[in-house]
$ cat work.json   # JSON, C-alpha atoms (C1' of nucleotides)
[["chain", "number", "residue", "atom", "x", "y", "z"],
["A", 265, "MET", "CA", 20.91, -9.13, -38.21],
["A", 266, "ASN", "CA", 17.70, -10.41, -36.81],
["A", 267, "ASP", "CA", 17.38, -10.32, -33.07],
["A", 268, "THR", "CA", 15.10, -13.30, -32.80],
["A", 269, "ALA", "CA", 17.67, -16.05, -32.59],
["A", 270, "THR", "CA", 18.16, -17.78, -35.89],
["A", 271, "ALA", "CA", 15.53, -20.36, -36.64],
["A", 272, "PRO", "CA", 12.74, -18.03, -37.81],
["A", 273, "PRO", "CA", 13.82, -16.66, -41.20],
["A", 274, "GLY", "CA", 10.34, -15.35, -41.90],
["A", 275, "PRO", "CA", 9.18, -11.77, -41.32],
["A", 276, "GLY", "CA", 6.97, -12.86, -38.46],
["A", 277, "GLY", "CA", 9.97, -12.88, -36.14],
["A", 278, "THR", "CA", 9.08, -9.53, -34.63],
["A", 279, "ALA", "CA", 5.60, -10.68, -33.69],
["A", 280, "VAL", "CA", 7.08, -13.64, -31.88],
["A", 281, "ASP", "CA", 8.91, -11.38, -29.50],
["A", 282, "GLY", "CA", 5.72, -9.72, -28.32],
["A", 283, "VAL", "CA", 3.87, -13.00, -28.04],
["A", 284, "LEU", "CA", 6.52, -14.53, -25.79],
["A", 285, "GLY", "CA", 6.48, -11.55, -23.47],
["A", 286, "ALA", "CA", 2.70, -11.50, -23.39],
["A", 287, "LEU", "CA", 2.42, -15.21, -22.72],
["A", 288, "ALA", "CA", 5.00, -15.08, -19.95],
["A", 289, "ASP", "CA", 2.49, -13.55, -17.56],
["A", 290, "PRO", "CA", 0.08, -15.95, -15.85],
["A", 291, "THR", "CA", -2.70, -13.38, -15.53],
["A", 292, "ARG", "CA", -2.46, -12.73, -19.23],
["A", 293, "ARG", "CA", -2.67, -16.42, -19.98],
["A", 294, "ARG", "CA", -5.74, -16.68, -17.80],
["A", 295, "LEU", "CA", -7.19, -13.78, -19.70],
["A", 296, "LEU", "CA", -6.58, -15.50, -23.01],
["A", 297, "ASP", "CA", -8.12, -18.67, -21.69],
["A", 298, "LEU", "CA", -11.19, -16.79, -20.58],
["A", 299, "LEU", "CA", -11.40, -15.02, -23.89],
["A", 300, "ALA", "CA", -11.01, -18.21, -25.90],
["A", 301, "ASP", "CA", -13.70, -19.79, -23.77],
["A", 302, "ARG", "CA", -16.24, -17.01, -24.10],
["A", 303, "GLY", "CA", -15.42, -16.10, -27.65],
["A", 304, "GLU", "CA", -15.70, -12.42, -26.81],
["A", 305, "ALA", "CA", -15.72, -10.33, -23.68],
["A", 306, "THR", "CA", -15.22, -6.81, -22.39],
["A", 307, "ALA", "CA", -12.52, -5.72, -19.97],
["A", 308, "THR", "CA", -15.15, -5.15, -17.30],
["A", 309, "THR", "CA", -16.61, -8.63, -17.70],
["A", 310, "LEU", "CA", -13.17, -10.19, -17.67],
["A", 311, "ALA", "CA", -12.22, -8.28, -14.53],
["A", 312, "GLY", "CA", -15.19, -9.88, -12.82],
["A", 313, "ARG", "CA", -13.68, -13.30, -13.44],
["A", 314, "LEU", "CA", -10.21, -12.38, -12.29],
["A", 315, "PRO", "CA", -8.80, -11.30, -8.93],
["A", 316, "VAL", "CA", -7.59, -8.00, -10.36],
["A", 317, "SER", "CA", -9.13, -4.65, -11.09],
["A", 318, "ARG", "CA", -10.66, -3.65, -14.39],
["A", 319, "GLN", "CA", -7.78, -1.33, -15.09],
["A", 320, "ALA", "CA", -5.27, -4.11, -14.63],
["A", 321, "VAL", "CA", -7.22, -6.15, -17.16],
["A", 322, "VAL", "CA", -7.25, -3.22, -19.56],
["A", 323, "LYS", "CA", -3.47, -2.98, -19.34],
["A", 324, "HIS", "CA", -3.05, -6.69, -19.96],
["A", 325, "LEU", "CA", -5.44, -6.51, -22.86],
["A", 326, "ALA", "CA", -3.34, -3.71, -24.31],
["A", 327, "VAL", "CA", -0.23, -5.89, -24.09],
["A", 328, "LEU", "CA", -2.03, -8.82, -25.68],
["A", 329, "ASP", "CA", -3.34, -6.56, -28.39],
["A", 330, "ALA", "CA", 0.15, -5.25, -29.11],
["A", 331, "ALA", "CA", 1.31, -8.85, -29.36],
["A", 332, "GLY", "CA", -1.46, -9.56, -31.84],
["A", 333, "LEU", "CA", -2.98, -12.20, -29.59],
["A", 334, "VAL", "CA", -6.30, -10.40, -29.17],
["A", 335, "ALA", "CA", -8.25, -7.77, -31.00],
["A", 336, "GLY", "CA", -10.89, -5.42, -29.67],
["A", 337, "HIS", "CA", -13.72, -3.71, -31.50],
["A", 338, "ARG", "CA", -16.15, -1.19, -30.17],
["A", 339, "THR", "CA", -19.82, -2.14, -30.00],
["A", 340, "GLY", "CA", -21.83, 0.78, -28.79],
["A", 341, "ARG", "CA", -20.39, 1.76, -25.45],
["A", 342, "GLU", "CA", -18.59, -1.53, -25.03],
["A", 343, "VAL", "CA", -15.27, -2.76, -26.35],
["A", 344, "ARG", "CA", -15.31, -6.47, -26.93],
["A", 345, "TYR", "CA", -12.10, -8.41, -27.19],
["A", 346, "ALA", "CA", -11.54, -11.72, -28.92],
["A", 347, "VAL", "CA", -8.53, -13.99, -29.31],
["A", 348, "ARG", "CA", -6.59, -14.17, -32.54],
["A", 349, "PRO", "CA", -5.04, -17.61, -33.06],
["A", 350, "ALA", "CA", -2.85, -16.44, -35.94],
["A", 351, "ALA", "CA", -0.10, -14.85, -33.83],
["A", 352, "LEU", "CA", -0.07, -17.78, -31.44],
["A", 353, "ASP", "CA", 0.12, -20.26, -34.26],
["A", 354, "ASP", "CA", 2.93, -18.30, -35.83],
["A", 355, "THR", "CA", 4.89, -18.33, -32.59],
["A", 356, "ALA", "CA", 4.26, -22.02, -32.09],
["A", 357, "ARG", "CA", 5.75, -22.69, -35.48],
["A", 358, "TRP", "CA", 8.70, -20.46, -34.77],
["A", 359, "MET", "CA", 9.35, -22.31, -31.55],
["A", 360, "ALA", "CA", 9.05, -25.72, -33.17],
["A", 361, "GLY", "CA", 11.52, -24.57, -35.80],
["A", 362, "LEU", "CA", 13.86, -23.30, -33.12],
["A", 363, "ALA", "CA", 13.74, -26.62, -31.30],
["A", 364, "ALA", "CA", 14.50, -28.46, -34.51],
["A", 365, "ASP", "CA", 17.31, -26.03, -35.21],
["A", 366, "TRP", "CA", 18.90, -26.68, -31.85],
["A", 367, "ASP", "CA", 18.78, -30.36, -32.40],
["A", 368, "ARG", "CA", 20.34, -29.92, -35.80],
["A", 369, "ARG", "CA", 23.13, -27.76, -34.42],
["A", 370, "LEU", "CA", 23.82, -30.05, -31.52],
["A", 371, "ALA", "CA", 24.26, -32.83, -34.03],
["A", 372, "ARG", "CA", 26.95, -31.02, -35.99],
["A", 373, "THR", "CA", 28.78, -29.30, -33.14],
["A", 374, "GLY", "CA", 30.93, -31.34, -30.83],
["A", 375, "THR", "CA", 32.17, -29.99, -27.53],
["A", 376, "ARG", "CA", 34.21, -26.98, -28.49],
["A", 377, "ASP", "CA", 34.24, -23.73, -26.61],
["A", 378, "GLY", "CA", 37.67, -22.18, -26.70],
["A", 379, "THR", "CA", 37.45, -21.97, -30.48],
["A", 380, "PRO", "CA", 36.54, -18.49, -31.72],
["A", 381, "ALA", "CA", 33.41, -19.84, -33.34],
["A", 382, "PRO", "CA", 33.10, -21.27, -36.81],
["A", 383, "PRO", "CA", 33.98, -18.64, -39.44],
["A", 384, "GLY", "CA", 32.19, -20.05, -42.45],
["A", 385, "GLY", "CA", 29.33, -21.50, -40.56],
["B", 270, "MET", "CA", -7.18, -26.10, -11.73],
["B", 271, "ASN", "CA", -3.95, -25.69, -13.54],
["B", 272, "ASP", "CA", -2.72, -22.21, -14.23],
["B", 273, "THR", "CA", -1.40, -22.93, -17.68],
["B", 274, "ALA", "CA", -4.50, -22.24, -19.70],
["B", 275, "THR", "CA", -6.31, -25.37, -20.78],
["B", 276, "ALA", "CA", -4.76, -27.00, -23.80],
["B", 277, "PRO", "CA", -1.91, -28.84, -22.07],
["B", 278, "PRO", "CA", -3.46, -31.52, -19.88],
["B", 279, "GLY", "CA", -0.11, -33.18, -19.41],
["B", 280, "PRO", "CA", 2.19, -32.72, -16.43],
["B", 281, "GLY", "CA", 4.63, -30.73, -18.55],
["B", 282, "GLY", "CA", 2.51, -27.64, -18.10],
["B", 283, "THR", "CA", 4.67, -26.34, -15.29],
["B", 284, "ALA", "CA", 7.83, -26.47, -17.37],
["B", 285, "VAL", "CA", 6.11, -24.40, -20.04],
["B", 286, "ASP", "CA", 5.64, -21.53, -17.64],
["B", 287, "GLY", "CA", 9.35, -21.21, -17.00],
["B", 288, "VAL", "CA", 10.23, -21.56, -20.66],
["B", 289, "LEU", "CA", 7.95, -18.73, -21.69],
["B", 290, "GLY", "CA", 9.38, -16.40, -19.10],
["B", 291, "ALA", "CA", 12.91, -17.35, -19.99],
["B", 292, "LEU", "CA", 12.34, -16.92, -23.70],
["B", 293, "ALA", "CA", 10.70, -13.54, -23.25],
["B", 294, "ASP", "CA", 14.04, -11.88, -22.61],
["B", 295, "PRO", "CA", 16.07, -10.99, -25.73],
["B", 296, "THR", "CA", 19.43, -11.36, -23.99],
["B", 297, "ARG", "CA", 18.44, -14.83, -22.92],
["B", 298, "ARG", "CA", 17.43, -15.73, -26.45],
["B", 299, "ARG", "CA", 20.78, -14.48, -27.71],
["B", 300, "LEU", "CA", 22.43, -16.61, -25.09],
["B", 301, "LEU", "CA", 20.54, -19.67, -26.23],
["B", 302, "ASP", "CA", 21.42, -18.95, -29.81],
["B", 303, "LEU", "CA", 25.08, -18.65, -28.90],
["B", 304, "LEU", "CA", 24.91, -21.84, -26.89],
["B", 305, "ALA", "CA", 23.17, -23.77, -29.65],
["B", 306, "ASP", "CA", 25.74, -22.52, -32.10],
["B", 307, "ARG", "CA", 28.79, -23.45, -30.05],
["B", 308, "GLY", "CA", 27.40, -26.59, -28.56],
["B", 309, "GLU", "CA", 28.87, -25.75, -25.18],
["B", 310, "ALA", "CA", 30.26, -22.67, -23.52],
["B", 311, "THR", "CA", 31.09, -21.18, -20.14],
["B", 312, "ALA", "CA", 29.51, -18.06, -18.67],
["B", 313, "THR", "CA", 32.78, -16.18, -19.10],
["B", 314, "THR", "CA", 33.06, -17.09, -22.77],
["B", 315, "LEU", "CA", 29.45, -16.18, -23.38],
["B", 316, "ALA", "CA", 29.91, -12.84, -21.65],
["B", 317, "GLY", "CA", 32.65, -12.06, -24.15],
["B", 318, "ARG", "CA", 30.11, -12.37, -26.96],
["B", 319, "LEU", "CA", 27.46, -10.26, -25.30],
["B", 320, "PRO", "CA", 27.31, -6.60, -24.26],
["B", 321, "VAL", "CA", 26.74, -7.53, -20.62],
["B", 322, "SER", "CA", 28.91, -8.56, -17.72],
["B", 323, "ARG", "CA", 29.78, -12.10, -16.83],
["B", 324, "GLN", "CA", 27.59, -11.93, -13.77],
["B", 325, "ALA", "CA", 24.60, -10.89, -15.83],
["B", 326, "VAL", "CA", 25.19, -13.92, -18.03],
["B", 327, "VAL", "CA", 25.40, -16.13, -14.98],
["B", 328, "LYS", "CA", 22.03, -14.88, -13.80],
["B", 329, "HIS", "CA", 20.45, -15.49, -17.19],
["B", 330, "LEU", "CA", 21.98, -18.92, -17.32],
["B", 331, "ALA", "CA", 20.43, -19.64, -13.95],
["B", 332, "VAL", "CA", 17.01, -18.65, -15.26],
["B", 333, "LEU", "CA", 17.47, -20.76, -18.37],
["B", 334, "ASP", "CA", 18.60, -23.65, -16.25],
["B", 335, "ALA", "CA", 15.55, -23.33, -14.02],
["B", 336, "ALA", "CA", 13.41, -23.39, -17.15],
["B", 337, "GLY", "CA", 15.18, -26.56, -18.27],
["B", 338, "LEU", "CA", 16.42, -24.89, -21.45],
["B", 339, "VAL", "CA", 20.09, -25.35, -20.61],
["B", 340, "ALA", "CA", 22.16, -27.57, -18.38],
["B", 341, "GLY", "CA", 25.58, -26.95, -16.93],
["B", 342, "HIS", "CA", 28.19, -29.42, -15.81],
["B", 343, "ARG", "CA", 31.45, -28.72, -14.11],
["B", 344, "THR", "CA", 34.67, -29.58, -15.92],
["B", 345, "GLY", "CA", 37.60, -28.87, -13.68],
["B", 346, "ARG", "CA", 37.32, -25.23, -12.73],
["B", 347, "GLU", "CA", 34.94, -24.46, -15.56],
["B", 348, "VAL", "CA", 31.20, -24.85, -15.82],
["B", 349, "ARG", "CA", 30.08, -25.55, -19.34],
["B", 350, "TYR", "CA", 26.53, -24.97, -20.38],
["B", 351, "ALA", "CA", 24.67, -26.62, -23.24],
["B", 352, "VAL", "CA", 21.15, -26.23, -24.60],
["B", 353, "ARG", "CA", 18.48, -28.81, -23.94],
["B", 354, "PRO", "CA", 15.96, -29.00, -26.81],
["B", 355, "ALA", "CA", 13.53, -31.11, -24.82],
["B", 356, "ALA", "CA", 11.96, -28.30, -22.82],
["B", 357, "LEU", "CA", 11.72, -26.08, -25.88],
["B", 358, "ASP", "CA", 10.17, -28.81, -27.92],
["B", 359, "ASP", "CA", 7.70, -29.48, -25.15],
["B", 360, "THR", "CA", 6.70, -25.85, -25.03],
["B", 361, "ALA", "CA", 6.40, -25.66, -28.79],
["B", 362, "ARG", "CA", 3.98, -28.54, -28.70],
["B", 363, "TRP", "CA", 2.03, -26.97, -25.88],
["B", 364, "MET", "CA", 1.73, -23.76, -27.83],
["B", 365, "ALA", "CA", 0.68, -25.50, -31.01],
["B", 366, "GLY", "CA", -1.97, -27.33, -28.99],
["B", 367, "LEU", "CA", -3.13, -24.08, -27.47],
["B", 368, "ALA", "CA", -3.45, -22.47, -30.87],
["B", 369, "ALA", "CA", -5.47, -25.41, -32.10],
["B", 370, "ASP", "CA", -7.59, -25.24, -28.98],
["B", 371, "TRP", "CA", -8.39, -21.59, -29.56],
["B", 372, "ASP", "CA", -9.42, -22.28, -33.08],
["B", 373, "ARG", "CA", -11.61, -25.09, -31.89],
["B", 374, "ARG", "CA", -13.26, -22.95, -29.26],
["B", 375, "LEU", "CA", -13.80, -20.05, -31.58],
["B", 376, "ALA", "CA", -15.59, -22.43, -33.90],
["B", 377, "ARG", "CA", -18.08, -23.56, -31.28],
["B", 378, "THR", "CA", -18.59, -20.27, -29.43],
["B", 379, "GLY", "CA", -20.58, -17.55, -31.04],
["B", 380, "THR", "CA", -20.54, -14.02, -29.69],
["B", 381, "ARG", "CA", -21.82, -14.34, -26.17],
["B", 382, "ASP", "CA", -20.59, -12.14, -23.38],
["B", 383, "GLY", "CA", -23.44, -10.26, -21.81],
["B", 384, "THR", "CA", -24.97, -13.58, -20.79],
["B", 385, "PRO", "CA", -24.19, -14.20, -17.14],
["B", 386, "ALA", "CA", -23.90, -17.88, -18.08],
["B", 387, "PRO", "CA", -22.22, -19.14, -14.86],
["B", 388, "PRO", "CA", -24.65, -19.29, -11.90],
["B", 389, "GLY", "CA", -22.05, -17.88, -9.55],
["B", 390, "GLY", "CA", -22.33, -14.47, -11.17],
["C", 255, "DG", "C1'", 53.58, -22.85, -2.51],
["C", 256, "DC", "C1'", 52.71, -18.99, -5.40],
["C", 257, "DT", "C1'", 50.23, -17.07, -9.12],
["C", 258, "DG", "C1'", 46.69, -16.63, -12.61],
["C", 259, "DA", "C1'", 42.24, -17.76, -14.46],
["C", 260, "DG", "C1'", 37.60, -18.60, -13.47],
["C", 261, "DT", "C1'", 33.55, -19.26, -10.54],
["C", 262, "DG", "C1'", 30.26, -18.06, -6.88],
["C", 263, "DC", "C1'", 28.03, -15.00, -3.85],
["C", 264, "DA", "C1'", 26.34, -10.73, -1.95],
["C", 265, "DA", "C1'", 25.25, -5.93, -2.01],
["C", 266, "DC", "C1'", 23.42, -2.44, -4.59],
["C", 267, "DC", "C1'", 21.14, 0.43, -8.24],
["C", 268, "DA", "C1'", 17.81, 1.56, -11.88],
["C", 269, "DT", "C1'", 14.15, 0.51, -14.54],
["C", 270, "DG", "C1'", 10.13, -2.05, -15.95],
["C", 271, "DT", "C1'", 5.89, -3.85, -14.88],
["C", 272, "DG", "C1'", 1.78, -5.42, -12.42],
["C", 273, "DG", "C1'", -1.63, -3.46, -9.81],
["C", 274, "DT", "C1'", -4.56, 0.19, -7.54],
["C", 275, "DT", "C1'", -7.35, 4.33, -6.99],
["C", 276, "DG", "C1'", -9.49, 8.49, -8.67],
["C", 277, "DC", "C1'", -11.64, 11.14, -11.99],
["C", 278, "DC", "C1'", -13.64, 12.51, -16.31],
["C", 279, "DA", "C1'", -15.92, 11.67, -20.85],
["C", 280, "DC", "C1'", -19.06, 9.26, -23.39],
["C", 281, "DT", "C1'", -22.95, 6.31, -24.45],
["C", 282, "DG", "C1'", -27.34, 4.33, -23.77],
["C", 283, "DC", "C1'", -31.57, 3.77, -21.49],
["C", 284, "DT", "C1'", -35.61, 5.69, -19.16],
["D", 227, "DA", "C1'", -32.85, 15.80, -19.63],
["D", 228, "DG", "C1'", -31.17, 12.97, -16.22],
["D", 229, "DC", "C1'", -29.16, 8.94, -14.43],
["D", 230, "DA", "C1'", -26.38, 4.74, -14.59],
["D", 231, "DG", "C1'", -23.01, 2.01, -16.64],
["D", 232, "DT", "C1'", -18.67, 1.55, -19.36],
["D", 233, "DG", "C1'", -14.30, 3.04, -21.07],
["D", 234, "DG", "C1'", -10.11, 5.90, -21.07],
["D", 235, "DC", "C1'", -6.60, 8.45, -19.00],
["D", 236, "DA", "C1'", -3.19, 9.70, -15.35],
["D", 237, "DA", "C1'", -0.88, 9.47, -11.03],
["D", 238, "DC", "C1'", 1.08, 6.52, -7.90],
["D", 239, "DC", "C1'", 2.97, 2.47, -5.37],
["D", 240, "DA", "C1'", 5.51, -1.87, -4.68],
["D", 241, "DC", "C1'", 8.01, -5.48, -6.17],
["D", 242, "DA", "C1'", 10.48, -8.16, -9.63],
["D", 243, "DT", "C1'", 14.22, -8.09, -12.65],
["D", 244, "DG", "C1'", 18.25, -6.85, -15.46],
["D", 245, "DG", "C1'", 22.63, -5.23, -14.73],
["D", 246, "DT", "C1'", 26.94, -3.76, -12.23],
["D", 247, "DT", "C1'", 30.80, -3.95, -9.00],
["D", 248, "DG", "C1'", 33.63, -6.07, -5.44],
["D", 249, "DC", "C1'", 35.46, -9.78, -3.07],
["D", 250, "DA", "C1'", 36.44, -14.39, -1.57],
["D", 251, "DC", "C1'", 37.32, -19.06, -2.89],
["D", 252, "DT", "C1'", 38.88, -22.85, -5.84],
["D", 253, "DC", "C1'", 41.32, -25.24, -9.39],
["D", 254, "DA", "C1'", 45.28, -25.56, -12.65],
["D", 255, "DG", "C1'", 50.00, -24.78, -13.93],
["D", 256, "DC", "C1'", 54.87, -23.60, -12.85]]
$ encode --input "work.json" --output "C-alpha cells"
Amino acid sequence: MNDTATAPPGPGGTAVDGVLGALADPTRRRLLDLLADRGEATATTLAGRLPVSRQAVVKHLAVLDAAGLVAGHRTGREVRYAVRPAALDDTARWMAGLAADWDRRLARTGTRDGTPAPPGG
Amino acid sequence: MNDTATAPPGPGGTAVDGVLGALADPTRRRLLDLLADRGEATATTLAGRLPVSRQAVVKHLAVLDAAGLVAGHRTGREVRYAVRPAALDDTARWMAGLAADWDRRLARTGTRDGTPAPPGG
DNA sequence: GCTGAGTGCAACCATGTGGTTGCCACTGCT
DNA sequence: AGCAGTGGCAACCACATGGTTGCACTCAGC
C-alpha cells in the first residue's frame, strides 16, 4: 500500500511527502524564493537576507535538499545552492491529480458513512 | 510583502499556507483519503479506520477544517465531515504557478551571488 | 426519565523541530 | 606562513504538535 493517499500512482509519491513538509515552513519558502530570485546563493549569503542565523539556514537548506527542492555544489570554499523545479513540478502535478480525484470520488459517492466501505471499489 | 513566495499574486495565498501545513502530516492525508473515499464520515468512524484515538482524529479534522480542506456539519448528535476540493485545487494551481515561476527565473538569472546587488547590503 | 452512543473540552505527556551559540577544520588570499 | 572568511558539527533550549486519557454534556431511543 502506498502511504501517499491514492491519486499519485507514479513512483514520485515519496518525493511528494518531503516536498509538502519542506514547503509547510514559511522560512523555507522564503529561502526558496530568495534562491529562485538569485539563481544561486550560499547559506551565509542567504542568512544575511533572513532574520535567522546562518546555522538555521543551513538546517533548512538540508531539509530542502532532502526534499529535492534545492541542490548544493561546492565551489572552492563555498557551497552554492540552487532551486530544482523538478520536485516542485512533480508535487504540483500530484496535488492537481489529487484534487481531480476527490472531485471524481465525490461525484460517485453519496452520503454514506455507516456502511463498512465499498468492498469492490 | 506577502509571505507566500511570489508566484501567487491572488488573495488565495493565505489559504495555501494552511493547506501545505495540513497536507504535510501523513495521518491527515490518510484522513483526507478516507473522507474522499466515503464521501462523508464522523470523527468516531474515522478513528475506527486509523491507528489513533478519536480525539487525535478530531484535532486533525480541526486542522484540516482550518485549512479549508474539509467541512463538517452537524446532523443530530453527529458531526459529519466531507472533503472540499476547492482549497486543494487552489493550492495545486499555486504550486504549479510557483514551479513555472522558478523555471522562468532560472532562465533569466545566471549565476550571481557574490554581487551585493541590493544597495542595502 | 433513564440509558446508551457520540461529541466537546481540558489536562497532560513525549517528541519533533526551529533556532541559537560555540568551536573546530578547511580554504583562499596576502 | 599567517590571517580572515566560510562551512560543518554538536550541544542545547523553547515551543509547537501529535497523541492519550478522563470527564461532562447532549441527543436519540425505549
$ closest_residue --input "work.json" --among "B:Val321, B:Ala284, B:Val332, B:Ala305" --to "DT243 (chain D)" --atoms "only C-alpha atoms (C1' of nucleotides)"
B:Val332
$ residues_around --input "work.json" --residues "DT232 (chain D)" --least-positions-apart "6" --cutoff "12 Å" --atoms "all atoms listed in the file" --output "PyMOL selection string"
(chain A and resi 306-309+318+338-344) or (chain C and resi 279-282)
$ atom_distance --input "work.json" --atom1 "CA of Val327 (chain B)" --atom2 "CA of Gly361 (chain A)"
26.4 Å
$ atom_distance --input "work.json" --atom1 "CA of Arg292 (chain A)" --atom2 "CA of Leu314 (chain A)"
10.4 Å
$ interface_residues --input "work.json" --of "chain C" --to "chain B" --cutoff "12 Å" --atoms "only C-alpha atoms (C1' of nucleotides)" --output "PyMOL selection string"
chain C and resi 259-264
$ residues_near_point --input "work.json" --point "(-4.9, -0.5, -6.4)" --cutoff "10 Å" --atoms "only C-alpha atoms (C1' of nucleotides)" --output "CSV table (one decimal) with C-alpha atoms (C1' of nucleotides), in the frame of the given file"
chain,number,residue,atom,x,y,z
A,316,VAL,CA,-7.6,-8.0,-10.4
A,317,SER,CA,-9.1,-4.6,-11.1
A,319,GLN,CA,-7.8,-1.3,-15.1
A,320,ALA,CA,-5.3,-4.1,-14.6
C,273,DG,C1',-1.6,-3.5,-9.8
C,274,DT,C1',-4.6,0.2,-7.5
C,275,DT,C1',-7.4,4.3,-7.0
D,238,DC,C1',1.1,6.5,-7.9
D,239,DC,C1',3.0,2.5,-5.4
$ residues_near_point --input "work.json" --point "(18.0, -22.9, -24.2)" --cutoff "9 Å" --atoms "all atoms listed in the file" --output "list in words"
Trp366 of chain A; Val288, Ala291, Leu292, Arg297, Arg298, Leu300, Leu301, Asp302, Leu304, Ala305, Leu330, Leu333, Asp334, Ala336, Gly337, Leu338, Val339, Ala340, Ala351, Val352, Arg353, Pro354, Ala356 and Leu357 of chain B
$ closest_residue --input "work.json" --among "D:DC235, D:DA240, D:DA227, D:DC253" --to "chain A" --atoms "only C-alpha atoms (C1' of nucleotides)"
D:DC235
$ atom_distance --input "work.json" --atom1 "CA of Ala311 (chain A)" --atom2 "CA of Asp289 (chain A)"
15.9 Å
$ closest_residue --input "work.json" --among "A:Pro315, A:Ala356, A:Asp365, A:Ala326" --to "chain B" --atoms "only C-alpha atoms"
A:Ala356
$ interface_residues --input "work.json" --of "chain D" --to "chain A" --cutoff "10 Å" --atoms "all atoms listed in the file" --output "tab-separated table (two decimals) with C-alpha atoms (C1' of nucleotides), keeping the file's coordinate frame"
chain	number	residue	atom	x	y	z
D	231	DG	C1'	-23.01	2.01	-16.64
D	232	DT	C1'	-18.67	1.55	-19.36
D	233	DG	C1'	-14.30	3.04	-21.07
D	234	DG	C1'	-10.11	5.90	-21.07
$ closest_residue --input "work.json" --among "A:Ala360, A:Val321, A:Tyr345, A:His337" --to "chain B" --atoms "all atoms listed in the file"
A:Ala360
$ axis_aligned_box --input "work.json" --around "region 260-267 of chain C" --padding-each-side "3 Å" --output "AutoDock Vina command-line options"
--center_x 29.4 --center_y -9.4 --center_z -7.7 --size_x 22.5 --size_y 25.7 --size_z 17.5
$ build_atoms --input "work.json" --residues "region 315-326 of chain B" --atoms "N, CA and C atoms" --output "PDB file, in the frame of the given file"
ATOM      1  N   LEU B 315      30.701 -16.751 -22.879  1.00  0.00           N
ATOM      2  CA  LEU B 315      29.450 -16.180 -23.380  1.00  0.00           C
ATOM      3  C   LEU B 315      29.428 -14.667 -23.149  1.00  0.00           C
ATOM      4  N   ALA B 316      29.906 -14.269 -21.987  1.00  0.00           N
ATOM      5  CA  ALA B 316      29.910 -12.840 -21.650  1.00  0.00           C
ATOM      6  C   ALA B 316      30.757 -12.060 -22.655  1.00  0.00           C
ATOM      7  N   GLY B 317      31.780 -12.719 -23.176  1.00  0.00           N
ATOM      8  CA  GLY B 317      32.650 -12.060 -24.150  1.00  0.00           C
ATOM      9  C   GLY B 317      31.930 -11.773 -25.460  1.00  0.00           C
ATOM     10  N   ARG B 318      30.879 -12.528 -25.722  1.00  0.00           N
ATOM     11  CA  ARG B 318      30.110 -12.370 -26.960  1.00  0.00           C
ATOM     12  C   ARG B 318      28.889 -11.467 -26.778  1.00  0.00           C
ATOM     13  N   LEU B 319      28.630 -11.100 -25.555  1.00  0.00           N
ATOM     14  CA  LEU B 319      27.460 -10.260 -25.300  1.00  0.00           C
ATOM     15  C   LEU B 319      27.868  -8.934 -24.665  1.00  0.00           C
ATOM     16  N   PRO B 320      27.020  -7.928 -24.812  1.00  0.00           N
ATOM     17  CA  PRO B 320      27.310  -6.600 -24.260  1.00  0.00           C
ATOM     18  C   PRO B 320      27.001  -6.479 -22.770  1.00  0.00           C
ATOM     19  N   VAL B 321      27.007  -7.588 -22.060  1.00  0.00           N
ATOM     20  CA  VAL B 321      26.740  -7.530 -20.620  1.00  0.00           C
ATOM     21  C   VAL B 321      27.858  -8.203 -19.843  1.00  0.00           C
ATOM     22  N   SER B 322      27.864  -7.984 -18.562  1.00  0.00           N
ATOM     23  CA  SER B 322      28.910  -8.560 -17.720  1.00  0.00           C
ATOM     24  C   SER B 322      28.752 -10.062 -17.542  1.00  0.00           C
ATOM     25  N   ARG B 323      29.804 -10.663 -17.049  1.00  0.00           N
ATOM     26  CA  ARG B 323      29.780 -12.100 -16.830  1.00  0.00           C
ATOM     27  C   ARG B 323      28.687 -12.467 -15.823  1.00  0.00           C
ATOM     28  N   GLN B 324      28.575 -11.658 -14.797  1.00  0.00           N
ATOM     29  CA  GLN B 324      27.590 -11.930 -13.770  1.00  0.00           C
ATOM     30  C   GLN B 324      26.160 -11.891 -14.302  1.00  0.00           C
ATOM     31  N   ALA B 325      25.927 -10.978 -15.234  1.00  0.00           N
ATOM     32  CA  ALA B 325      24.600 -10.890 -15.830  1.00  0.00           C
ATOM     33  C   ALA B 325      24.316 -12.186 -16.582  1.00  0.00           C
ATOM     34  N   VAL B 326      25.334 -12.671 -17.278  1.00  0.00           N
ATOM     35  CA  VAL B 326      25.190 -13.920 -18.030  1.00  0.00           C
ATOM     36  C   VAL B 326      24.896 -15.068 -17.073  1.00  0.00           C
TER      37      VAL B 326
END
